[in-house]
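Data block below; observations after.
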Amino acid sequence: MWRASVLTIFPEMFPGPLAVSLAGKALGAGIWSLDAIDIRDHAADKHRTVDDTPAGGGPGMVMRADVLARAIDAIEDDGRPRLLMSARGTPLMQARIAELAIGAGVTIVCGRFEGVDERLIAARQIEEVSLGDFVLSGGEIAALALIDACVRLLPGVMGKEASAAEESFTQGLLEYPQYTRPAVFEGHAIPEVLTSGDHAKVAAWRRAEAERLTKERRPDLWAKYLERKT
Ligand code: SAH
């Protein structure tokens with residue numbers, strides 16, 4: 001079973017949206033498990049304090065290393081990677097998600113306030129990962145997104161195993177455009193090639209469209225794609 005342990009001051013946010021649809025069914029079926037740990041349970045005072053003022057001054061509060069370390073140490077160490085959701089972390093890519101999905105699971109620390117004491121990150125070998133170049137108010141929504149991306153890759157979760165192989169990023173390209181009925185929508189027909197029944201032509205059209213979209217929208221991915229092809 002793929003295991004997710006999440007350290008948070010808002011355990012009530014889990015499983016949240018992961019209780020429905022594909023992820024929720026897989027959770028119910030025991031394909032993965034979720035354990036939301038309240039960091040406050042590991043505080044040392046009766047107010048259950050997890051944060052304090054930043055050394056050196058400045059606005060906001062910082063999550064304490066000692067409280068977080070106790071929370072992490074209370075989880076059995078089975079070698080799962082420890083991640084910290086962090087705006088300054090390595091941007092999450094599908095390749096890293098795929099690696100995490102074939103492993104035993106993840107332990108995720110959700111930051112709040114201004115973030116966590118730097119010493120914790122080194123002391124517990126934590127990998128900082130980011131959802132993108134924007135700032136959330138906490139790591140919880142980022143953790144839900146990461147878990148969702150992993151869970152849908154677990155065997156038996158997605159209807160068609162094949163659908164993951166063709167998606168955006170998997171082959172270094174964005175996905176080609178999709179169409180379904182009606183045949184004509186507000187005067188616009190489905191591209192003829194898709195209704196021709198010629199599988200080779202469909203595949204060629206999809207490949208060309210994926211390349212066109214990647215070139216237009218993601219010059220960074222396009223450059224890497226070209227590098228790999230040569
Ligand atoms: N002072 C921090 C932002 C703190 S936001 C900075 O400038 O980098 C509070 C928490 O939200 C962070 O500790 C982190 O856990 C989470 N968070 C914010 N933006 C995120 C992002 N883009 N990806 C992942 N987690 C994020």
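Labels used: A, B, ... for chains in the order of the structure tokens, numbers from 1 for residues in each chain, and numbers from 1 for ligands as shown.
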Each residue of chain A with at least one atom at most 6 Å from ligand 1 should appear once, together with its nearest atom pair and the corresponding distance in Å (one decimal); atoms considered: only C-alpha atoms and all ligand atoms; ordering: chain, then increasing residue number; output as CSV.
residue,atom,partner,partner_atom_place_in_ligand_line,distance
A:Met85,CA,ligand 1,25 (N),4.0
A:Ser86,CA,ligand 1,25 (N),3.8
A:Ala87,CA,ligand 1,21 (C),3.7
A:Arg88,CA,ligand 1,8 (O),5.3
A:Cys110,CA,ligand 1,15 (O),4.7
A:Gly111,CA,ligand 1,15 (O),3.2
A:Arg112,CA,ligand 1,9 (C),4.2
A:Phe113,CA,ligand 1,9 (C),5.1
A:Glu114,CA,ligand 1,1 (N),4.0
A:Gly115,CA,ligand 1,13 (O),3.6
A:Ser130,CA,ligand 1,23 (N),3.6
A:Leu131,CA,ligand 1,23 (N),4.0
A:Gly132,CA,ligand 1,22 (N),4.7
A:Asp133,CA,ligand 1,22 (N),5.5
A:Phe134,CA,ligand 1,22 (N),4.8
A:Val135,CA,ligand 1,19 (N),3.7
A:Leu136,CA,ligand 1,18 (C),3.8
A:Ser137,CA,ligand 1,11 (O),4.7
A:Gly138,CA,ligand 1,11 (O),3.2
A:Gly139,CA,ligand 1,15 (O),3.6
A:Ala142,CA,ligand 1,24 (C),5.1
>> For Arg119 of chain A, find every residue with an atom within 12 Å (counting only C-alpha atoms), except residues of its own chain fewer than 6 positions away, and show them as a ChimeraX atom specification.
In response: /A:62-66,68-69,125-126
Can I get the selection written as a PDB file, in the first residue's frame, with N, CA and C atoms?
ATOM      1  N   VAL A  62       7.524  31.814  12.730  1.00  0.00           N
ATOM      2  CA  VAL A  62       8.256  30.706  12.095  1.00  0.00           C
ATOM      3  C   VAL A  62       7.918  29.422  12.850  1.00  0.00           C
ATOM      4  N   MET A  63       7.743  28.316  12.118  1.00  0.00           N
ATOM      5  CA  MET A  63       7.445  27.042  12.777  1.00  0.00           C
ATOM      6  C   MET A  63       8.711  26.496  13.440  1.00  0.00           C
ATOM      7  N   ARG A  64       8.549  26.043  14.674  1.00  0.00           N
ATOM      8  CA  ARG A  64       9.697  25.614  15.488  1.00  0.00           C
ATOM      9  C   ARG A  64      10.263  24.269  15.027  1.00  0.00           C
ATOM     10  N   ALA A  65      11.600  24.192  14.986  1.00  0.00           N
ATOM     11  CA  ALA A  65      12.283  22.956  14.565  1.00  0.00           C
ATOM     12  C   ALA A  65      12.040  21.827  15.559  1.00  0.00           C
ATOM     13  N   ASP A  66      12.056  22.137  16.865  1.00  0.00           N
ATOM     14  CA  ASP A  66      11.953  21.050  17.857  1.00  0.00           C
ATOM     15  C   ASP A  66      10.583  20.375  17.816  1.00  0.00           C
ATOM     16  N   LEU A  68       8.443  20.298  15.232  1.00  0.00           N
ATOM     17  CA  LEU A  68       8.329  19.555  13.970  1.00  0.00           C
ATOM     18  C   LEU A  68       9.169  18.283  13.998  1.00  0.00           C
ATOM     19  N   ALA A  69      10.354  18.358  14.608  1.00  0.00           N
ATOM     20  CA  ALA A  69      11.228  17.168  14.674  1.00  0.00           C
ATOM     21  C   ALA A  69      10.546  16.066  15.486  1.00  0.00           C
ATOM     22  N   GLN A 125      16.747  15.769   6.827  1.00  0.00           N
ATOM     23  CA  GLN A 125      16.926  15.499   5.373  1.00  0.00           C
ATOM     24  C   GLN A 125      15.623  15.654   4.602  1.00  0.00           C
ATOM     25  N   ILE A 126      15.155  16.878   4.574  1.00  0.00           N
ATOM     26  CA  ILE A 126      13.869  17.149   3.938  1.00  0.00           C
ATOM     27  C   ILE A 126      14.089  17.819   2.579  1.00  0.00           C
TER      28      ILE A 126
END
> Which residues come within 12 Å of Ala44 of chain A, counting only C-alpha atoms, excluding same-chain residues fewer than 2 positions away, as number ranges by chain?
Replying inline: A: 39-42, 46-51, 64, 66-68, 70-71
Keeping only C-alpha atoms, write the selected residues to a file as an mmCIF file, in the first residue's frame.
data_model
loop_
_atom_site.group_PDB
_atom_site.id
_atom_site.type_symbol
_atom_site.label_atom_id
_atom_site.label_comp_id
_atom_site.auth_asym_id
_atom_site.auth_seq_id
_atom_site.Cartn_x
_atom_site.Cartn_y
_atom_site.Cartn_z
ATOM 1 C CA ILE A 39 1.720 19.022 14.613
ATOM 2 C CA ARG A 40 0.176 20.627 17.719
ATOM 3 C CA ASP A 41 0.010 17.182 19.356
ATOM 4 C CA HIS A 42 3.809 17.401 19.578
ATOM 5 C CA LYS A 46 -0.430 23.687 27.272
ATOM 6 C CA HIS A 47 -1.194 26.239 24.558
ATOM 7 C CA ARG A 48 0.121 23.695 21.997
ATOM 8 C CA THR A 49 2.434 26.305 20.478
ATOM 9 C CA VAL A 50 4.136 25.371 17.190
ATOM 10 C CA ASP A 51 5.577 28.747 16.137
ATOM 11 C CA ARG A 64 9.697 25.614 15.488
ATOM 12 C CA ASP A 66 11.953 21.050 17.857
ATOM 13 C CA VAL A 67 8.172 20.605 17.637
ATOM 14 C CA LEU A 68 8.329 19.555 13.970
ATOM 15 C CA ARG A 70 9.189 15.421 17.373
ATOM 16 C CA ALA A 71 6.255 15.102 15.001
#
> Which residues come within 7 Å of Leu84 of chain A, counting only C-alpha atoms, excluding same-chain residues fewer than 5 positions away, as a ChimeraX atom specification?
Replying inline: /A:108-110,126-129
Since we have the selection now, will you write its residues out, keeping N, CA and C atoms, as a PDB file, in the first residue's frame?
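Saved file out-v6.pdb follows:
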ATOM      1  N   ILE A 108       4.966  14.303   4.245  1.00  0.00           N
ATOM      2  CA  ILE A 108       4.924  15.698   3.797  1.00  0.00           C
ATOM      3  C   ILE A 108       4.741  16.643   4.977  1.00  0.00           C
ATOM      4  N   VAL A 109       5.603  17.646   5.058  1.00  0.00           N
ATOM      5  CA  VAL A 109       5.450  18.693   6.062  1.00  0.00           C
ATOM      6  C   VAL A 109       4.781  19.896   5.388  1.00  0.00           C
ATOM      7  N   CYS A 110       3.672  20.351   5.960  1.00  0.00           N
ATOM      8  CA  CYS A 110       2.975  21.526   5.438  1.00  0.00           C
ATOM      9  C   CYS A 110       3.383  22.747   6.243  1.00  0.00           C
ATOM     10  N   ILE A 126      15.155  16.878   4.574  1.00  0.00           N
ATOM     11  CA  ILE A 126      13.869  17.149   3.938  1.00  0.00           C
ATOM     12  C   ILE A 126      14.089  17.819   2.579  1.00  0.00           C
ATOM     13  N   GLU A 127      13.344  17.334   1.589  1.00  0.00           N
ATOM     14  CA  GLU A 127      13.429  17.883   0.229  1.00  0.00           C
ATOM     15  C   GLU A 127      12.340  18.949   0.077  1.00  0.00           C
ATOM     16  N   GLU A 128      12.753  20.166  -0.286  1.00  0.00           N
ATOM     17  CA  GLU A 128      11.769  21.240  -0.465  1.00  0.00           C
ATOM     18  C   GLU A 128      11.226  21.207  -1.877  1.00  0.00           C
ATOM     19  N   VAL A 129       9.917  21.104  -2.008  1.00  0.00           N
ATOM     20  CA  VAL A 129       9.301  21.086  -3.331  1.00  0.00           C
ATOM     21  C   VAL A 129       8.211  22.155  -3.434  1.00  0.00           C
TER      22      VAL A 129
END
>> Taking the DSSP secondary structure from the backbone, can you list the residues of segment 70-220 of chain A that are helix (DSSP H, G or I), as a VMD selection string?
In response: chain A and resid 70 to 73 94 to 102 118 to 123 140 to 151 161 to 164 192 to 195 199 to 217 219 to 220
> Could you pull the residues within 12 Å of Pro17 of chain A, counting only C-alpha atoms, minus those fewer than 2 positions along the same chain, as an MDAnalysis selection string?
Replying inline: chainID A and resid 12:15 19:25 27 140:141 143:145 147:148
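Residue nearest Pro81 of chain A, chosen from A:Ala4, A:Val151, A:Met93, A:Val193 and counting only C-alpha atoms: A:Ala4.
For the pair atom CA of Ser196 of chain A and atom CA of Ala210 of chain A, the separation is 19.2 Å.
Atom CA of Arg124 of chain A sits 21.6 Å away from atom CA of Phe10 of chain A.
DSSP annotation of segment 71-123 of chain A from backbone atoms: strand (DSSP E) residues are Arg82, Leu83, Leu84, Met85, Ser86, Ala87, Arg88, Gly89, Thr90, Pro91, Gly105, Val106, Thr107, Ile108, Val109 and Cys110 of chain A.
Closest approach to Glu227 of chain A among A:Gly172, A:Pro182, A:Gly57, A:Gly187 is made by A:Gly172 (distances from only C-alpha atoms).
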>> Using Å and a single decimal, report how far atom CA of Leu18 of chain A sits from atom CA of Leu34 of chain A.
In response: 9.6 Å
